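> Would you mind keeping the following structure in view while I ask a few things?
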Amino acid sequence: MIPNITRGGNMADLLRYLYGPGKANEHTRPHLVASSQHAATLDKPLGETLRTGDVKLRTDYLEQHRRLHGMVVKRWLNAKGEVVSKVNPNAQRKAAHVWHCSLSLPGPLLTGKQRAAIKRQYEVASLAELSDKQWRKTAKRYGVEPPERLTDEQFADVARRFTELMGFNGAEAFRETLAQHTELEKPLTQLKGWDARKARMNFGAIRWDAVNHGLNSEGLTHIHIAADIVAEDGNLWEDVYDAKRAQVAAGIMEREFGLRLVDGHRYDRGQQGYKKGELEHDHRQGRDVGDMVRGTHGVQYIDKSTAHPERGARRLLERTMRACAVAASDELDFVRRLRHESVDIKHAEYDRGRGRNLVTGYQVRLADNDSERWFGGGKVAKDLTLPALRAAGNWPRLDGDQVAQWTDVATRTLTPPDYATVIEAETALAELRQRLTEVDVTDTVAWAHVARDVSGMLNAISLRTEPEPGPLADAAYAIAATATINRTVGDRRRWLGRAASRSAASALMAQRPARSSRELMQQVSYMVNQITQMHLLAAQEQRAREVELRTYDTLQTWLQQHPADLAPANTGWTDHGPELGGELTR
């Protein structure tokens with residue numbers, strides 16, 4: 001179950017969308033499946049179709065407490081309605097009393113080509129048009145599980161349980177819930193003085209509706225929960241870390257209701273998804289991320305059947321950041337390499353709790369365009385935060401004024417390694433591969449480091465051989481899912497295999513394909529096979545199949561296209577790349 005939270009200040013607009021036809025007429029028979037209070041506020045039974053004429057009744061009901069107490073709630077929001085820090089360049093202080101969350105059941109793991117092939121096979125414009133029989137045939141053909149379906153009664157139980165876990169029933173009930181599920185409180189303990197804050201929480205129940213309006217364009221069932229965070233006593237519901245709490249609550253419900261567990265809840269890992277608004281911004285920047293179509297009321301949006309998120313800014317940044325992170329010898333080398341690859345990077349605010357001049361985070365964007373969005377490292381991928389990179393790379397600590405060192409880093413040119421260095425990298429990778437046979441399959445942190453290195457090496461050669469993201473970039477993204485474990489103390493454990501990966505990534509980023517590239521990629525292919533076997537032994541068959549199809553098979557195809565006699569074994573690559581000792585500039 002996948003939660004997605006946004007905030008806003010206009011309940012009527014939200015309900016008009018939920019009760020209306022949708023952007024592409026995808027909403028079929030919108031109806032309430034559950035509510036904090038239903039019978040006294042709407043003269044319709046649960047399950048009966050709602051129209052835009054019902055918006056005023058439900059808006060008056062949901063916002064009654066806020067209007068009664070004259071409450072004004074504001075938060076720093078970005079353009080997508082997400083709560084962000086006020087230092088965020090896109091942050092604006094806006095009304096935010098409306099809390100909206102969609103709860104979607106996960107779909108099958110299909111690539112874009114597979115989705116397109118399925119649509120052609122059944123001659124449908126959307127996967128939502130597939131029948132259960134067609135889904136079963138499709139799932140069998142591609143070795144995946146068909147999408148789950150829930151009835152209105154089951155969704156009603158899910159909605160009531162979710163709102164209970166989120167604390168919608170009042171402060172006292174929320175404290176009892178936290179005592180029963182200690183994992184719910186884990187993100188809250190990051191707050192200074194949380195115990196005292198929990199003790200003085202004093203808010204009543206808040207009002208909410210759960211709406212089902214049919215399948216989405218991917219054929220997945222979902223509901224929307226709309227709530228006003230002003231409680232009956234005029235106090236505000238405890239909304240701190242609501243996104244993290246929603247993820248934990250979703251994992252609890254998956255186990256309680258016997259639903260399929262998504263990777264982030266089952267294996268403590270998961271990649272960042274993309275949203276339509278993000279792709280629409282990329283389209284405005286001139287990137288070919290999909291076709292714009294016109295929906296109801298003239299609203300334009302990206303057609304998901306043609307979407308290419310791998311061409312979007314965030315995926316392009318991730319591709320470059322992973323390559324530079326693995327190849328970098330230290331923190332400032334990482335900064336230099338990013339700037340060399342046409343990525344703007346700036347340090348985050350110093351840590352006020354520990355003193356000035358300490359860099360505790362960073363933001364990146366594609367260079368040469370002031371209208372590009374800035375992304376924090378953790379927003380690109382969970383394992384690309386600065387603390388995680390420092391630990392995984394074994395980077396030495398910067399002494400003195402860290403802010404000044406980040407600011408003064410100059411763009412550098414890269415010196416290609418000599419042939420002997422590349423051979424040493426190949427040998428080091430082979431030795432690392434032998435050591436991996438001794439790593440326990442349950443050691444998720446160690447395998448996350450391995451996957452992070454493999455993804456970085458694949459992205460390194462992708463940057464040099466694929467002008468646009470291609471098969472190698474897709475393979476790197478697929479293997480990165482194993483690297484994106486949730487942030488824990490274990491994620492910061494030192495990784496002793498980074499030296500071998502660093503030398504290999506540096507070599508792959510500094511040359512065109514040569515014999516040495518092929519030998520390095522052969523070792524990477526072996527490591528991918530080991531990751532596949534790890535997933536199989538850990539009873540993660542679907543994840544193993546995805547790694548095999550999208551990464552291992554891609555590497556085997558690449559190796560077949562680059563024969564071993566591409567360059568003489570006893571020479572460098574002077575006929576196939578930069579001359580020895582020369583500089584590679586962009």
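Chain labels A, B, ... are given in the sequence in which chains occur in the structure tokens; within each chain residues are numbered consecutively from 1, and ligands are likewise numbered from 1 in the order shown.
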Find the residues near Ala348 in chain A: any atom within 9 Å, counting only C-alpha atoms, skip ones fewer than 4 places away on the same chain, and give them as a ChimeraX atom specification.
/A:359-363,376
> Only all heavy atoms, please: the residues just picked out, written as an mmCIF file, in the first residue's frame.

```
data_model
loop_
_atom_site.group_PDB
_atom_site.id
_atom_site.type_symbol
_atom_site.label_atom_id
_atom_site.label_comp_id
_atom_site.auth_asym_id
_atom_site.auth_seq_id
_atom_site.Cartn_x
_atom_site.Cartn_y
_atom_site.Cartn_z
ATOM 1 N N VAL A 359 28.908 21.636 7.156
ATOM 2 C CA VAL A 359 28.011 21.267 6.060
ATOM 3 C C VAL A 359 27.309 19.970 6.435
ATOM 4 O O VAL A 359 27.963 18.946 6.671
ATOM 5 C CB VAL A 359 28.799 21.098 4.741
ATOM 6 C CG1 VAL A 359 27.869 20.609 3.633
ATOM 7 C CG2 VAL A 359 29.451 22.417 4.345
ATOM 8 N N THR A 360 25.990 19.999 6.506
ATOM 9 C CA THR A 360 25.234 18.808 6.916
ATOM 10 C C THR A 360 24.349 18.256 5.810
ATOM 11 O O THR A 360 23.677 17.249 6.000
ATOM 12 C CB THR A 360 24.341 19.143 8.128
ATOM 13 O OG1 THR A 360 23.457 20.212 7.765
ATOM 14 C CG2 THR A 360 25.186 19.572 9.314
ATOM 15 N N GLY A 361 24.331 18.907 4.660
ATOM 16 C CA GLY A 361 23.519 18.425 3.546
ATOM 17 C C GLY A 361 23.854 19.212 2.293
ATOM 18 O O GLY A 361 24.710 20.104 2.303
ATOM 19 N N TYR A 362 23.183 18.889 1.208
ATOM 20 C CA TYR A 362 23.456 19.587 -0.049
ATOM 21 C C TYR A 362 22.232 19.507 -0.961
ATOM 22 O O TYR A 362 21.321 18.707 -0.740
ATOM 23 C CB TYR A 362 24.661 18.975 -0.758
ATOM 24 C CG TYR A 362 24.438 17.566 -1.272
ATOM 25 C CD1 TYR A 362 24.107 17.338 -2.611
ATOM 26 C CD2 TYR A 362 24.539 16.467 -0.430
ATOM 27 C CE1 TYR A 362 23.898 16.051 -3.082
ATOM 28 C CE2 TYR A 362 24.335 15.180 -0.886
ATOM 29 C CZ TYR A 362 24.008 14.976 -2.220
ATOM 30 O OH TYR A 362 23.786 13.707 -2.685
ATOM 31 N N GLN A 363 22.229 20.370 -1.960
ATOM 32 C CA GLN A 363 21.191 20.368 -2.986
ATOM 33 C C GLN A 363 21.852 20.407 -4.357
ATOM 34 O O GLN A 363 22.940 20.966 -4.516
ATOM 35 C CB GLN A 363 20.253 21.574 -2.824
ATOM 36 C CG GLN A 363 19.382 21.519 -1.584
ATOM 37 C CD GLN A 363 18.460 22.708 -1.492
ATOM 38 O OE1 GLN A 363 18.839 23.843 -1.782
ATOM 39 N NE2 GLN A 363 17.219 22.480 -1.096
ATOM 40 N N GLY A 376 17.222 18.110 -2.850
ATOM 41 C CA GLY A 376 18.103 17.639 -1.795
ATOM 42 C C GLY A 376 18.578 16.239 -2.120
ATOM 43 O O GLY A 376 17.898 15.484 -2.830
#
```
> As a PyMOL selection string, please: the residues near Arg498 in chain A (cut-off 8 Å, only C-alpha atoms, same-chain neighbours under 6 positions excluded).
chain A and resi 326+392-394+453
> I need the residues from that last selection saved to file as a compact mmCIF listing (two decimals), in the first residue's frame (with N, CA and C atoms), if you can.

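See out-v9.txt below for the written result:
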```
# COMPACT_ATOMS: atom_id res chain seq x y z
N VAL A 326 30.62 7.11 -6.34
CA VAL A 326 31.47 5.91 -6.27
C VAL A 326 32.89 6.23 -6.74
N ALA A 392 29.45 5.63 3.40
CA ALA A 392 29.65 4.60 2.38
C ALA A 392 30.97 4.79 1.64
N GLY A 393 31.37 6.04 1.43
CA GLY A 393 32.61 6.30 0.69
C GLY A 393 33.85 6.29 1.54
N ASN A 394 33.67 6.12 2.88
CA ASN A 394 34.82 6.19 3.79
C ASN A 394 35.59 7.49 3.58
N ASP A 453 27.60 0.43 -5.18
CA ASP A 453 28.82 0.47 -5.99
C ASP A 453 28.56 0.02 -7.42
```
> Show me, as a list in words, the residues that have an atom within 9 Å of Lys186 in chain A when counting only C-alpha atoms, minus same-chain residues fewer than 4 positions from it.
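Counting only the stated atoms, we get Thr182, Gln190 and Arg245 of chain A.
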> Keeping N, CA and C atoms, export the residues of the selection given above as an mmCIF file, in the first residue's frame.

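What landed in selection_33.cif:
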```cif
data_model
loop_
_atom_site.group_PDB
_atom_site.id
_atom_site.type_symbol
_atom_site.label_atom_id
_atom_site.label_comp_id
_atom_site.auth_asym_id
_atom_site.auth_seq_id
_atom_site.Cartn_x
_atom_site.Cartn_y
_atom_site.Cartn_z
ATOM 1 N N THR A 182 5.224 0.639 18.630
ATOM 2 C CA THR A 182 6.384 1.498 18.905
ATOM 3 C C THR A 182 7.074 1.973 17.625
ATOM 4 N N GLN A 190 13.003 11.640 16.738
ATOM 5 C CA GLN A 190 14.046 12.537 16.237
ATOM 6 C C GLN A 190 13.828 13.975 16.712
ATOM 7 N N ARG A 245 5.148 8.701 9.146
ATOM 8 C CA ARG A 245 4.177 7.919 9.915
ATOM 9 C C ARG A 245 3.229 7.172 8.985
#
```
> Restricting the calculation to only C-alpha atoms: of A:Ile302, A:Leu508, A:Ala171, A:Met166, which residue gets closest to Ile252 in chain A?
A:Met166
> If you run DSSP over the backbone, which residues in range 187-272 of chain A end up helix (DSSP H, G or I)? Put them as JSON, numbers by chain.
{"A": [187, 188, 189, 190, 194, 195, 196, 197, 198, 199, 242, 243, 244, 245, 246, 247, 248, 249, 250, 251, 252, 253, 254, 255, 256, 263, 264, 265, 266]}
> Figure out the distance between CA of His213 in chain A and CA of Val240 in chain A, please, to one decimal in Å.
28.7 Å
> Pick the closest to Leu103 in chain A from A:Phe162, A:Trp76, A:Trp374, A:Tyr19: which is it, counting only C-alpha atoms?
A:Phe162
> Between A:Ala199, A:Leu317, A:Ala34, A:Val73, single out the one closest to Ala156 in chain A, counting only C-alpha atoms.
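Among the listed residues, the smallest separation from Ala156 in chain A belongs to A:Ala34.
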> Could you please determine the separation between CA of Trp99 in chain A and CA of Val158 in chain A in Å, to one decimal place?
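Computing the Euclidean distance for CA of Trp99 in chain A and CA of Val158 in chain A yields 17.5 Å.
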> Do a neighbour search on Glu541 in chain A at 12 Å with only C-alpha atoms, toss out local chain neighbours closer than 5 positions, and write the hits as JSON, numbers by chain.
{"A": [143, 144, 145, 531, 532, 533, 534, 535, 536, 546, 547, 548]}
> By how many Å are CA of Ala510 in chain A and CA of Asp330 in chain A apart?
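Pair CA of Ala510 in chain A / CA of Asp330 in chain A returns 17.5 Å.
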> A:Phe155, A:Trp194, A:Tyr552, A:Phe375: which is nearest His31 in chain A, counting only C-alpha atoms?
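Checking each of A:Phe155, A:Trp194, A:Tyr552, A:Phe375 against His31 in chain A, counting only C-alpha atoms, the winner is A:Phe155.
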> Let me make sure I understand: among A:Ile206, A:Leu110, A:Val55, A:Met457, which one has the smallest atom-to-atom distance to Ser35 in chain A if we use only C-alpha atoms?
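Checking each candidate against Ser35 in chain A, we get A:Ile206 as the closest.
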